[in-house]
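What's in input-v3.txt: compact mmCIF, C-alpha atoms
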# COMPACT_ATOMS: atom_id res chain seq x y z
CA MET A 1 97.22 115.48 75.92
CA ALA A 2 96.00 112.04 76.91
CA LYS A 3 92.49 110.99 76.00
CA PRO A 4 89.90 111.37 78.77
CA ILE A 5 88.62 108.72 81.11
CA ILE A 6 85.02 108.09 80.05
CA VAL A 7 82.65 106.15 82.27
CA THR A 8 78.97 105.37 82.02
CA LEU A 9 76.48 104.82 84.80
CA GLY A 10 73.01 103.69 83.77
CA GLY A 11 73.86 104.61 80.20
CA VAL A 12 74.75 108.20 81.09
CA GLU A 13 78.29 109.20 80.19
CA SER A 14 80.76 111.20 82.30
CA ARG A 15 84.16 112.39 81.10
CA PHE A 16 87.24 113.24 83.12
CA ASP A 17 90.58 114.73 82.20
CA HIS A 18 93.21 113.16 84.40
CA GLU A 19 96.58 113.94 85.92
CA LYS A 20 98.71 111.51 87.84
CA LEU A 21 98.89 112.39 91.50
CA ASP A 22 102.22 111.87 93.19
CA ARG A 23 103.87 112.82 96.44
CA ALA A 24 106.33 115.26 94.94
CA LYS A 25 103.47 117.35 93.57
CA LEU A 26 101.61 117.36 96.88
CA TYR A 27 104.39 117.57 99.44
CA GLY A 28 107.65 118.26 97.64
CA LYS A 29 110.38 115.73 98.09
CA ARG A 30 113.41 114.94 100.19
CA GLN A 31 116.48 113.54 98.52
CA ARG A 32 119.67 112.15 99.99
CA GLN A 33 122.65 113.16 97.92
CA VAL A 34 126.10 111.64 98.18
CA LEU A 35 129.03 114.08 98.10
CA ASP A 36 132.71 113.40 97.51
CA PRO A 37 135.36 114.85 99.85
CA GLY A 38 135.48 117.93 97.63
CA GLY A 39 131.75 118.53 98.15
CA GLN A 40 130.83 117.57 94.60
CA ARG A 41 127.87 115.30 93.98
CA CYS A 42 128.79 111.67 93.40
CA GLU A 43 127.46 109.49 90.65
CA LYS A 44 126.18 106.06 91.56
CA ALA A 45 127.68 103.29 89.44
CA GLU A 46 128.22 99.53 89.59
CA LEU A 47 131.27 97.36 89.52
CA THR A 48 130.95 93.82 88.18
CA ARG A 49 131.90 91.08 90.64
CA ASP A 50 135.07 90.28 88.75
CA GLY A 51 136.02 93.94 88.99
CA THR A 52 136.70 94.26 85.27
CA LEU A 53 133.90 96.55 84.26
CA LEU A 54 132.61 99.77 85.73
CA VAL A 55 128.97 100.11 84.73
CA ARG A 56 127.79 103.70 84.53
CA SER A 57 124.30 104.95 83.86
CA GLY A 58 123.30 104.36 80.24
CA MET A 59 125.74 101.50 79.63
CA THR A 60 123.32 98.60 79.97
CA ALA A 61 120.14 97.39 78.35
CA GLN A 62 117.93 94.43 79.10
CA GLY A 63 115.83 92.04 77.11
CA TYR A 64 114.59 88.52 76.55
CA PHE A 65 116.83 85.80 75.11
CA ASP A 66 115.88 82.35 73.91
CA GLU A 67 117.61 79.13 74.93
CA GLY A 68 120.10 79.52 72.09
CA GLY A 69 121.10 82.92 73.42
CA ALA A 70 119.41 84.87 70.63
CA TRP A 71 117.77 88.16 71.52
CA VAL A 72 113.99 88.21 71.10
CA PRO A 73 112.64 91.58 69.94
CA SER A 74 109.95 92.97 72.24
CA SER A 75 107.60 93.30 69.24
CA LYS A 76 107.46 89.49 69.09
CA LEU A 77 106.63 89.03 72.77
CA VAL A 78 103.08 88.38 73.90
CA GLY A 79 101.29 88.15 77.22
CA LEU A 80 100.97 84.66 78.68
CA ASP A 81 98.57 83.39 81.29
CA ALA A 82 99.50 81.15 84.22
CA LYS A 83 99.38 78.11 81.93
CA GLY A 84 101.65 79.71 79.34
CA GLN A 85 98.82 80.30 76.89
CA PRO A 86 98.82 83.55 74.88
CA LEU A 87 96.42 86.24 75.97
CA PRO A 88 94.52 88.57 73.67
CA ALA A 89 95.86 92.10 73.49
CA ILE A 90 93.78 94.78 75.15
CA GLY A 91 93.50 98.30 73.81
CA SER A 92 93.76 101.42 75.92
CA THR A 93 90.57 102.25 77.79
CA LEU A 94 91.27 105.98 77.55
CA GLY A 95 88.72 107.67 75.33
CA GLU A 96 86.58 104.53 75.36
CA PRO A 97 83.45 104.44 77.56
CA GLN A 98 83.79 102.02 80.48
CA THR A 99 80.76 100.81 82.37
CA LEU A 100 80.76 101.61 86.06
CA SER A 101 79.67 98.96 88.49
CA GLY A 102 78.65 99.69 92.02
CA PRO A 103 78.46 101.38 94.37
CA VAL A 104 80.95 98.88 95.72
CA ASP A 105 81.64 97.87 99.29
CA PRO A 106 84.51 99.98 100.72
CA ILE A 107 86.22 96.70 101.64
CA GLU A 108 86.68 96.04 97.94
CA VAL A 109 88.53 99.33 97.56
CA LEU A 110 90.65 98.60 100.63
CA ASP A 111 91.66 95.31 99.00
CA LEU A 112 93.15 97.12 96.02
CA ALA A 113 96.94 97.39 95.91
CA VAL A 114 97.03 100.88 94.45
CA ARG A 115 99.68 101.37 91.79
CA SER A 116 98.72 104.82 90.58
CA VAL A 117 96.31 107.57 91.44
CA TYR A 118 94.81 110.05 89.02
CA ALA A 119 93.28 113.35 90.02
CA LEU A 120 90.27 113.84 87.78
CA ASN A 121 88.90 117.01 86.32
CA ALA A 122 85.28 116.49 85.34
CA ASP A 123 84.39 117.62 81.86
CA GLY A 124 80.78 116.62 81.60
CA LEU A 125 79.73 114.83 84.77
CA ASP A 126 76.45 113.00 85.22
CA PRO A 127 74.70 114.79 88.15
CA LYS A 128 73.59 111.46 89.59
CA LEU A 129 77.15 110.13 89.58
CA GLU A 130 78.43 113.39 91.05
CA ALA A 131 75.93 113.13 93.92
CA GLU A 132 76.92 109.53 94.56
CA LEU A 133 80.64 110.32 94.61
CA ARG A 134 80.18 113.34 96.84
CA ALA A 135 78.21 111.10 99.22
CA GLY A 136 81.30 108.90 99.53
CA LYS A 137 80.24 106.08 97.22
CA ALA A 138 82.84 104.28 95.12
CA TYR A 139 82.42 102.77 91.65
CA LYS A 140 84.51 100.24 89.81
CA PHE A 141 85.63 100.25 86.19
CA THR A 142 88.25 98.70 83.96
CA PHE A 143 91.39 100.68 83.25
CA CYS A 144 94.27 100.19 80.87
CA TYR A 145 96.37 103.26 80.13
CA ARG A 146 98.38 102.21 77.09
CA GLY A 147 96.94 98.88 76.17
CA GLY A 148 98.68 95.58 76.74
CA TYR A 149 97.71 92.16 78.01
CA GLU A 150 96.22 93.01 81.36
CA ALA A 151 93.58 95.51 82.34
CA GLU A 152 93.79 96.95 85.81
CA THR A 153 91.00 97.60 88.25
CA ALA A 154 90.08 101.20 88.96
CA TYR A 155 87.81 102.73 91.54
CA LEU A 156 86.24 106.12 91.14
CA VAL A 157 86.03 107.98 94.45
CA GLY A 158 85.43 111.56 95.50
CA ASN A 159 85.85 113.92 98.40
CA ALA A 160 85.48 117.64 99.08
CA THR A 161 88.57 118.48 97.02
CA GLY A 162 87.70 116.52 93.89
CA PHE A 163 87.41 113.17 92.19
CA PHE A 164 90.05 110.48 91.90
CA ALA A 165 90.70 107.19 90.15
CA LEU A 166 92.57 104.59 92.20
CA VAL A 167 94.20 102.13 89.83
CA GLY A 168 95.80 98.85 90.78
CA THR A 169 95.45 95.14 91.26
CA PRO A 170 93.29 93.40 93.84
CA ALA A 171 95.22 91.79 96.67
CA SER A 172 93.96 88.87 98.65
CA SER A 173 94.40 88.21 102.35
CA GLU A 174 93.60 85.01 104.19
CA TRP A 175 91.36 84.33 107.14
CA CYS A 176 93.15 83.57 110.38
CA GLU A 177 91.90 80.85 112.67
CA LEU A 178 93.12 79.71 116.05
CA GLN A 179 95.11 76.90 114.44
CA THR A 180 96.57 79.09 111.68
CA VAL A 181 100.34 79.09 111.68
CA ALA A 182 102.05 82.13 110.23
CA THR A 183 104.94 81.02 108.05
CA ASP A 184 105.84 83.77 105.64
CA ALA A 185 108.09 86.71 106.33
CA LEU A 186 107.58 90.32 105.47
CA ALA A 187 109.63 91.15 102.44
CA ASP A 188 111.78 94.15 102.95
CA ALA A 189 109.77 97.17 102.08
CA ASP A 190 111.10 98.92 99.01
CA ASP A 191 111.11 102.20 100.85
CA ASP A 192 113.76 103.98 98.91
CA ASP A 193 111.81 107.19 98.49
CA ASP A 194 112.63 109.80 101.02
CA GLU A 195 109.91 112.23 100.41
CA LEU A 196 108.32 114.58 102.86
CA ASP A 197 106.10 113.39 105.61
CA PHE A 198 102.40 114.14 105.81
CA GLU A 199 101.57 117.42 107.44
CA MET A 200 97.87 116.86 107.85
CA PHE A 201 97.91 115.45 111.34
CA MET B 1 108.75 85.70 110.43
CA ARG B 2 108.92 89.36 111.16
CA LYS B 3 107.20 90.45 114.33
CA ILE B 4 105.65 93.70 115.35
CA HIS B 5 104.75 94.96 118.78
CA LEU B 6 101.15 96.11 118.92
CA MET B 7 99.29 97.93 121.69
CA ASN B 8 95.53 98.24 121.80
CA GLU B 9 93.34 101.05 123.06
CA ALA B 10 93.41 99.66 126.60
CA ALA B 11 97.23 99.73 126.53
CA ARG B 12 97.47 95.93 126.38
CA ASN B 13 100.30 94.88 124.13
CA ALA B 14 101.59 91.79 122.39
CA GLN B 15 104.08 90.77 119.77
CA VAL B 16 102.39 89.43 116.67
CA VAL B 17 103.47 88.43 113.20
CA MET B 18 103.12 90.66 110.18
CA GLU B 19 102.96 89.45 106.62
CA PRO B 20 102.50 91.38 103.40
CA VAL B 21 99.24 90.95 101.53
CA ARG B 22 100.22 89.96 98.02
CA LYS B 23 98.50 91.27 94.95
CA GLN B 24 97.21 88.77 92.44
CA ASP B 25 99.71 87.59 89.84
CA GLY B 26 99.34 89.13 86.41
CA PRO B 27 100.31 87.73 83.01
CA THR B 28 103.92 87.16 82.11
CA THR B 29 105.65 88.18 78.90
CA GLY B 30 107.15 85.63 76.56
CA LEU B 31 106.61 83.39 73.56
CA PRO B 32 104.17 80.46 73.69
CA GLY B 33 105.98 77.17 74.22
CA LYS B 34 109.42 78.76 74.47
CA LYS B 35 111.57 79.25 77.49
CA LEU B 36 113.01 82.75 77.57
CA ALA B 37 115.45 84.32 79.96
CA PHE B 38 115.42 87.97 80.91
CA LYS B 39 118.95 89.34 80.95
CA ARG B 40 120.74 92.58 81.48
CA TYR B 41 123.64 93.15 79.15
CA VAL B 42 126.28 95.69 78.25
CA ALA B 43 124.87 97.97 75.54
CA THR B 44 127.85 100.27 75.33
CA THR B 45 131.00 101.09 77.22
CA GLU B 46 132.15 104.32 78.83
CA THR B 47 133.76 105.45 75.59
CA GLY B 48 130.49 104.84 73.78
CA LEU B 49 128.33 107.04 75.99
CA HIS B 50 126.90 110.07 74.25
CA ALA B 51 128.82 112.65 76.27
CA ARG B 52 132.16 110.98 75.48
CA LEU B 53 131.30 110.55 71.78
CA ALA B 54 130.13 114.14 71.51
CA GLN B 55 133.37 115.28 73.09
CA GLN B 56 135.40 113.14 70.75
CA HIS B 57 133.60 113.86 67.48
CA GLY B 58 131.99 117.24 68.07
CA ASP B 59 129.73 118.30 65.21
CA ALA B 60 130.85 115.29 63.19
CA LEU B 61 129.21 112.82 65.59
CA ALA B 62 126.13 112.20 63.43
CA GLN B 63 128.33 111.43 60.42
CA ALA B 64 130.60 109.20 62.54
CA LEU B 65 127.55 107.21 63.68
CA MET B 66 126.43 106.78 60.06
CA ASP B 67 129.87 105.81 58.85
CA GLY B 68 130.61 103.27 61.55
CA ASP B 69 129.76 102.06 65.03
CA PRO B 70 131.95 104.18 67.30
CA GLU B 71 129.62 103.48 70.25
CA ILE B 72 130.16 99.73 70.06
CA ASP B 73 133.05 97.94 71.71
CA ARG B 74 132.92 94.50 70.12
CA GLU B 75 134.77 92.92 73.02
CA LEU B 76 132.25 93.98 75.63
CA VAL B 77 128.90 94.84 74.10
CA GLY B 78 126.42 92.02 74.61
CA ARG B 79 128.18 90.65 77.67
CA GLU B 80 125.71 89.72 80.38
CA VAL B 81 125.81 91.84 83.51
CA GLY B 82 125.33 89.67 86.57
CA ASP B 83 125.71 90.62 90.20
CA THR B 84 127.33 93.96 90.76
CA GLN B 85 128.51 96.06 93.65
CA THR B 86 127.44 99.64 94.08
CA VAL B 87 130.26 102.16 93.91
CA PHE B 88 130.22 105.93 93.90
CA LEU B 89 132.15 108.04 91.45
CA SER B 90 133.56 111.38 92.53
CA GLY B 91 132.64 114.58 90.75
CA GLY B 92 135.66 113.92 88.55
CA GLY B 93 134.36 110.47 87.55
CA GLU B 94 136.86 108.46 89.62
CA VAL B 95 135.81 105.54 91.83
CA LEU B 96 135.56 106.89 95.35
CA HIS B 97 137.71 105.06 97.88
CA ALA B 98 136.95 107.33 100.84
CA SER B 99 133.60 107.38 102.62
CA PRO B 100 131.31 109.91 100.99
CA SER B 101 129.26 112.37 103.00
CA LEU B 102 125.50 112.51 102.82
CA VAL B 103 123.44 115.63 102.52
CA GLU B 104 119.67 115.88 102.61
CA VAL B 105 118.14 118.23 100.08
CA ILE B 106 114.53 119.29 100.38
CA PHE B 107 112.64 120.36 97.29
CA GLY B 108 109.35 122.25 97.28
CA THR B 109 106.32 121.29 95.24
CA ASP B 110 107.63 123.56 92.49
CA GLY B 111 110.76 121.38 92.25
CA LYS B 112 113.04 124.13 93.60
CA GLU B 113 115.53 123.43 96.34
CA ARG B 114 114.34 124.73 99.70
CA GLU B 115 116.86 123.46 102.20
CA ARG B 116 120.11 121.55 102.40
CA LYS B 117 121.42 119.96 105.58
CA PRO B 118 123.57 117.03 106.72
CA ALA B 119 121.59 113.81 106.40
CA GLU B 120 120.58 112.08 109.60
CA ASP B 121 119.68 108.43 109.96
CA VAL B 122 116.02 107.83 110.72
CA PRO B 123 115.63 104.41 112.32
CA ALA B 124 112.70 102.11 111.67
CA ASN B 125 110.05 102.36 114.37
CA THR B 126 108.16 99.14 113.78
CA ASN B 127 109.97 96.39 115.59
CA GLU B 128 109.66 93.93 118.42
CA ASP B 129 110.52 96.48 121.10
CA ALA B 130 108.60 99.74 120.85
CA PRO B 131 104.89 99.12 120.32
CA ILE B 132 102.80 100.78 117.69
CA ARG B 133 99.60 102.03 119.26
CA TRP B 134 96.06 102.90 118.47
CA THR B 135 95.53 106.62 118.21
CA LYS B 136 92.18 108.23 118.89
CA MET B 137 91.58 108.78 115.21
CA ARG B 138 88.81 106.59 113.78
CA LEU B 139 87.33 106.76 110.32
CA LYS B 140 84.51 104.83 108.74
CA ARG B 141 85.70 102.45 106.06
CA GLY B 142 83.67 104.34 103.50
CA GLU B 143 85.35 107.56 104.57
CA VAL B 144 88.97 106.43 104.57
CA ILE B 145 88.84 105.19 100.97
CA GLY B 146 88.06 108.74 99.87
CA LYS B 147 90.94 110.25 101.84
CA PHE B 148 93.95 108.03 101.23
CA ALA B 149 95.46 105.83 98.54
CA PHE B 150 96.71 102.59 100.08
CA CYS B 151 99.69 101.21 98.23
CA ARG B 152 100.47 98.40 100.62
CA THR B 153 98.68 96.24 103.17
CA ILE B 154 100.16 94.18 105.95
CA GLN B 155 98.24 91.41 107.65
CA LEU B 156 98.70 90.90 111.38
CA LYS B 157 98.53 87.33 112.62
CA HIS B 158 98.59 85.69 116.02
CA VAL B 159 101.44 83.55 117.30
CA ASP B 160 99.57 81.69 120.06
CA GLY B 161 96.19 81.36 121.71
CA LEU B 162 96.53 84.51 123.75
CA SER B 163 97.47 86.68 120.82
CA TYR B 164 94.63 85.06 118.83
CA ASP B 165 92.17 86.38 121.41
CA PHE B 166 93.92 89.74 121.39
CA LEU B 167 93.76 90.16 117.62
CA HIS B 168 90.32 88.61 117.14
CA ALA B 169 88.84 91.02 119.68
CA MET B 170 90.52 93.92 117.95
CA ALA B 171 89.23 92.86 114.55
CA LYS B 172 85.73 92.35 115.89
CA GLU B 173 85.61 95.73 117.53
CA LEU B 174 86.62 97.48 114.32
CA ALA B 175 84.38 95.34 112.12
CA ASP B 176 81.33 95.87 114.33
CA LYS B 177 81.82 99.63 114.17
CA ASP B 178 82.71 99.58 110.45
CA GLU B 179 85.75 101.66 111.39
CA VAL B 180 89.47 101.80 110.83
CA ALA B 181 91.82 103.01 113.55
CA ARG B 182 94.92 105.02 112.81
CA LEU B 183 98.03 103.55 114.39
CA GLY B 184 101.03 105.56 115.44
CA ALA B 185 104.61 104.77 116.40
CA GLY B 186 107.22 106.46 118.56
CA ALA B 187 107.29 107.40 122.22
CA LYS B 188 103.95 109.16 122.07
CA GLY B 189 102.42 106.80 119.56
CA ARG B 190 101.68 109.53 117.04
CA ASP B 191 104.44 109.16 114.47
CA PRO B 192 103.99 107.63 111.03
CA LEU B 193 105.23 104.06 110.70
CA ILE B 194 108.71 103.43 109.25
CA PHE B 195 109.46 99.83 108.35
CA GLN B 196 113.16 100.14 107.56
CA ASP B 197 115.92 102.56 108.45
CA ASN B 198 115.64 105.77 106.41
CA GLY B 199 112.56 104.31 104.74
CA ALA B 200 109.30 105.94 103.76
CA ARG B 201 106.88 107.10 106.40
CA TYR B 202 103.43 105.62 106.21
CA GLN B 203 100.13 106.58 107.72
CA ALA B 204 98.68 103.28 108.91
CA PHE B 205 95.06 102.36 109.41
CA LEU B 206 94.01 99.13 111.06
CA GLU B 207 90.95 97.39 109.65
CA GLY B 208 89.27 94.32 111.07
CA ARG B 209 87.03 91.66 109.54
CA VAL B 210 85.50 88.69 111.33
CA ASP B 211 83.62 85.59 110.28
CA GLY B 212 82.74 83.67 113.43
CA PRO B 213 86.03 82.44 114.88
CA LYS B 214 87.97 83.61 111.84
CA TYR B 215 89.41 87.08 111.57
CA LYS B 216 91.49 89.36 109.37
CA LEU B 217 93.39 92.24 110.82
CA LEU B 218 94.78 94.40 108.05
CA LEU B 219 97.14 97.32 108.36
CA HIS B 220 96.59 99.55 105.35
CA LEU B 221 99.55 101.80 104.58
CA SER B 222 99.41 105.07 102.73
CA ASN B 223 101.85 107.81 101.88
CA LEU B 224 99.50 109.69 99.60
CA GLU B 225 96.42 111.67 100.50
CA LEU B 226 93.64 112.09 97.99
CA ARG B 227 93.56 115.79 97.40
CA THR B 228 94.00 117.89 94.35
CA ILE B 229 97.17 119.86 93.87
CA ALA B 230 95.21 123.13 93.69
CA ALA B 231 93.56 122.30 97.02
CA GLY B 232 96.97 121.62 98.60
Just dump the structure as structure tokens.
Amino acid sequence: MAKPIIVTLGGVESRFDHEKLDRAKLYGKRQRQVLDPGGQRCEKAELTRDGTLLVRSGMTAQGYFDEGGAWVPSSKLVGLDAKGQPLPAIGSTLGEPQTLSGPVDPIEVLDLAVRSVYALNADGLDPKLEAELRAGKAYKFTFCYRGGYEAETAYLVGNATGFFALVGTPASSEWCELQTVATDALADADDDDDELDFEMF
Amino acid sequence: MRKIHLMNEAARNAQVVMEPVRKQDGPTTGLPGKKLAFKRYVATTETGLHARLAQQHGDALAQALMDGDPEIDRELVGREVGDTQTVFLSGGGEVLHASPSLVEVIFGTDGKERERKPAEDVPANTNEDAPIRWTKMRLKRGEVIGKFAFCRTIQLKHVDGLSYDFLHAMAKELADKDEVARLGAGAKGRDPLIFQDNGARYQAFLEGRVDGPKYKLLLHLSNLELRTIAAG
């Protein structure tokens, strides 16, 4: 079992067990399956452009190669910043107390591009924090599940059904003025999941 | 520029531009001072896949792997895989030359199959023709962040002076009330938003921010409610 999420507010610690929340668990899922003329399920594969190789699942791997074409083991790779300078490695934040900041403005939470959501099960919750979360306040903390070179931003929120951690990366929008000219195009949404629709409305 | 047709509460509509709000760039992976390329390559061939090897060697597979490299085709392994074309293989493993049929299978939250029916195309409903509209649903900003996880945000922008006034007024109204408005698509303006054919359905909430003559009109998209599985 993964280590708990531990947060502190005013020096008082709260602990949460966590489980990733996904659509399949909440709503079930809808899947499009491709069938051959005999009604048997088809397997998706790839054909190289020259038509010489049929690539089936499990036949490829990927990795980094240097300019000489030599494979670079992932154990040698490090995180690099925008200037190409190495970044220090960050340990997992699970099991390590993280200081909460806030309550934050809801706009800050709306600016988060959420990558994952964890449903939290409190196992020792500071009553003051509980009251704040139940009142709709949100708190920020640093989150890094496995460790790496980048910590993500997490917000602790609550509602009548429980407590949640929203984990992701802040996104930034720009102010529009009368003279602003829109130039970019919307990238095709990667909407390849065909899960069930909401039923709440 | 991709456009979207937007209708406000007073049933006034305009075509405006939508752009994705990008998340901040994170660190890259590499070696300091070295230029690396990320490549996909052939790791094994069809005859080297586990199922084929197990069929060929049976119980002696482990020994065969220790004695040699039966999974490696020296002619092909390591070859870079560039652009490819998707093909489907029949149940018998042959490349399908006839059009396959599509079936939609619905699974319950327990992972068990519930229903199976012919798949139907669901067209996108956010385009330049049919407007997306304000519904009557309003939530305070502080409330909506505790109800939905927003995985994507789209910014709406004006294309001329008239649409600037249209969007600025919309943003100001929402900002002044500290509210977000749920938008709906379809004939009745109640459906979730779909941005590409057969794509995911999103609940969309419009949020406005203003700073004098400047504005931000953000469409926050969610396909995940914040509720515990037990409460579901």
Inset, instruction - Counting all atoms listed in the file, note down every residue that has an atom within 8 Å of the point (121.6, 112.3, 103.9) (file coordinates), as number ranges by chain. - result: A: 31-34; B: 101-105, 117-121
I need the chosen residues saved as a short mmCIF file (atom, residue, chain, number, x, y, z; two decimals), in the frame of the given file, with C-alpha atoms.
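Here's the written file selection-v3.cif:
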data_model
loop_
_atom_site.label_atom_id
_atom_site.label_comp_id
_atom_site.auth_asym_id
_atom_site.auth_seq_id
_atom_site.Cartn_x
_atom_site.Cartn_y
_atom_site.Cartn_z
CA GLN A 31 116.48 113.54 98.52
CA ARG A 32 119.67 112.15 99.99
CA GLN A 33 122.65 113.16 97.92
CA VAL A 34 126.10 111.64 98.18
CA SER B 101 129.26 112.37 103.00
CA LEU B 102 125.50 112.51 102.82
CA VAL B 103 123.44 115.63 102.52
CA GLU B 104 119.67 115.88 102.61
CA VAL B 105 118.14 118.23 100.08
CA LYS B 117 121.42 119.96 105.58
CA PRO B 118 123.57 117.03 106.72
CA ALA B 119 121.59 113.81 106.40
CA GLU B 120 120.58 112.08 109.60
CA ASP B 121 119.68 108.43 109.96
#
Could you tell me, as a PDB file with C-alpha atoms, keeping the file's coordinate frame, which residues have any atom at most 7 Å from (103.7, 96.9, 121.1), counting only C-alpha atoms?
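Output (out17.pdb):
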ATOM      1  CA  ILE B   4     105.650  93.700 115.350  1.00  0.00           C
ATOM      2  CA  HIS B   5     104.750  94.960 118.780  1.00  0.00           C
ATOM      3  CA  LEU B   6     101.150  96.110 118.920  1.00  0.00           C
ATOM      4  CA  MET B   7      99.290  97.930 121.690  1.00  0.00           C
ATOM      5  CA  ASN B  13     100.300  94.880 124.130  1.00  0.00           C
ATOM      6  CA  ALA B  14     101.590  91.790 122.390  1.00  0.00           C
ATOM      7  CA  GLN B  15     104.080  90.770 119.770  1.00  0.00           C
ATOM      8  CA  ASP B 129     110.520  96.480 121.100  1.00  0.00           C
ATOM      9  CA  ALA B 130     108.600  99.740 120.850  1.00  0.00           C
ATOM     10  CA  PRO B 131     104.890  99.120 120.320  1.00  0.00           C
ATOM     11  CA  ILE B 132     102.800 100.780 117.690  1.00  0.00           C
ATOM     12  CA  ARG B 133      99.600 102.030 119.260  1.00  0.00           C
TER      13      ARG B 133
END
Legend entry - Contacts of B:Lys172 within 10 Å, only C-alpha atoms, excl. fewer than 6 positions in-chain, as a list of chain:residue names: B:Asp178, B:Glu207, B:Gly208, B:Arg209, B:Val210, B:Asp211, B:Gly212, B:Pro213, B:Lys214, B:Tyr215, B:Lys216, B:Leu217
Which residues are close to B:Gly78, i.e. within 8 Å by all atoms listed in the file, leaving aside same-chain residues fewer than 4 positions away? Reply as a PDB file with C-alpha atoms, keeping the file's coordinate frame.
ATOM      1  CA  TYR B  41     123.640  93.150  79.150  1.00  0.00           C
ATOM      2  CA  VAL B  42     126.280  95.690  78.250  1.00  0.00           C
ATOM      3  CA  ALA B  43     124.870  97.970  75.540  1.00  0.00           C
TER       4      ALA B  43
END
Legend entry - 6 Å contact set for A:Tyr118, only C-alpha atoms, chain neighbours under 2 positions out, as a PyMOL selection string: chain A and resi 18-21+164-165
Inset, instruction - May I have the residues of chain A within 6 Å of chain B, counting all atoms listed in the file, written as a PyMOL selection string? - result: chain A and resi 25-36+40-49+59-66+77-81+106+113-114+157-159+161+170-171+173+175-177+184-186+191-194
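If you measure from each of A:Leu156, A:Val167, A:Leu110, A:Ala82 to A:Leu133 using all atoms listed in the file, the closest one turns out to be A:Leu156.
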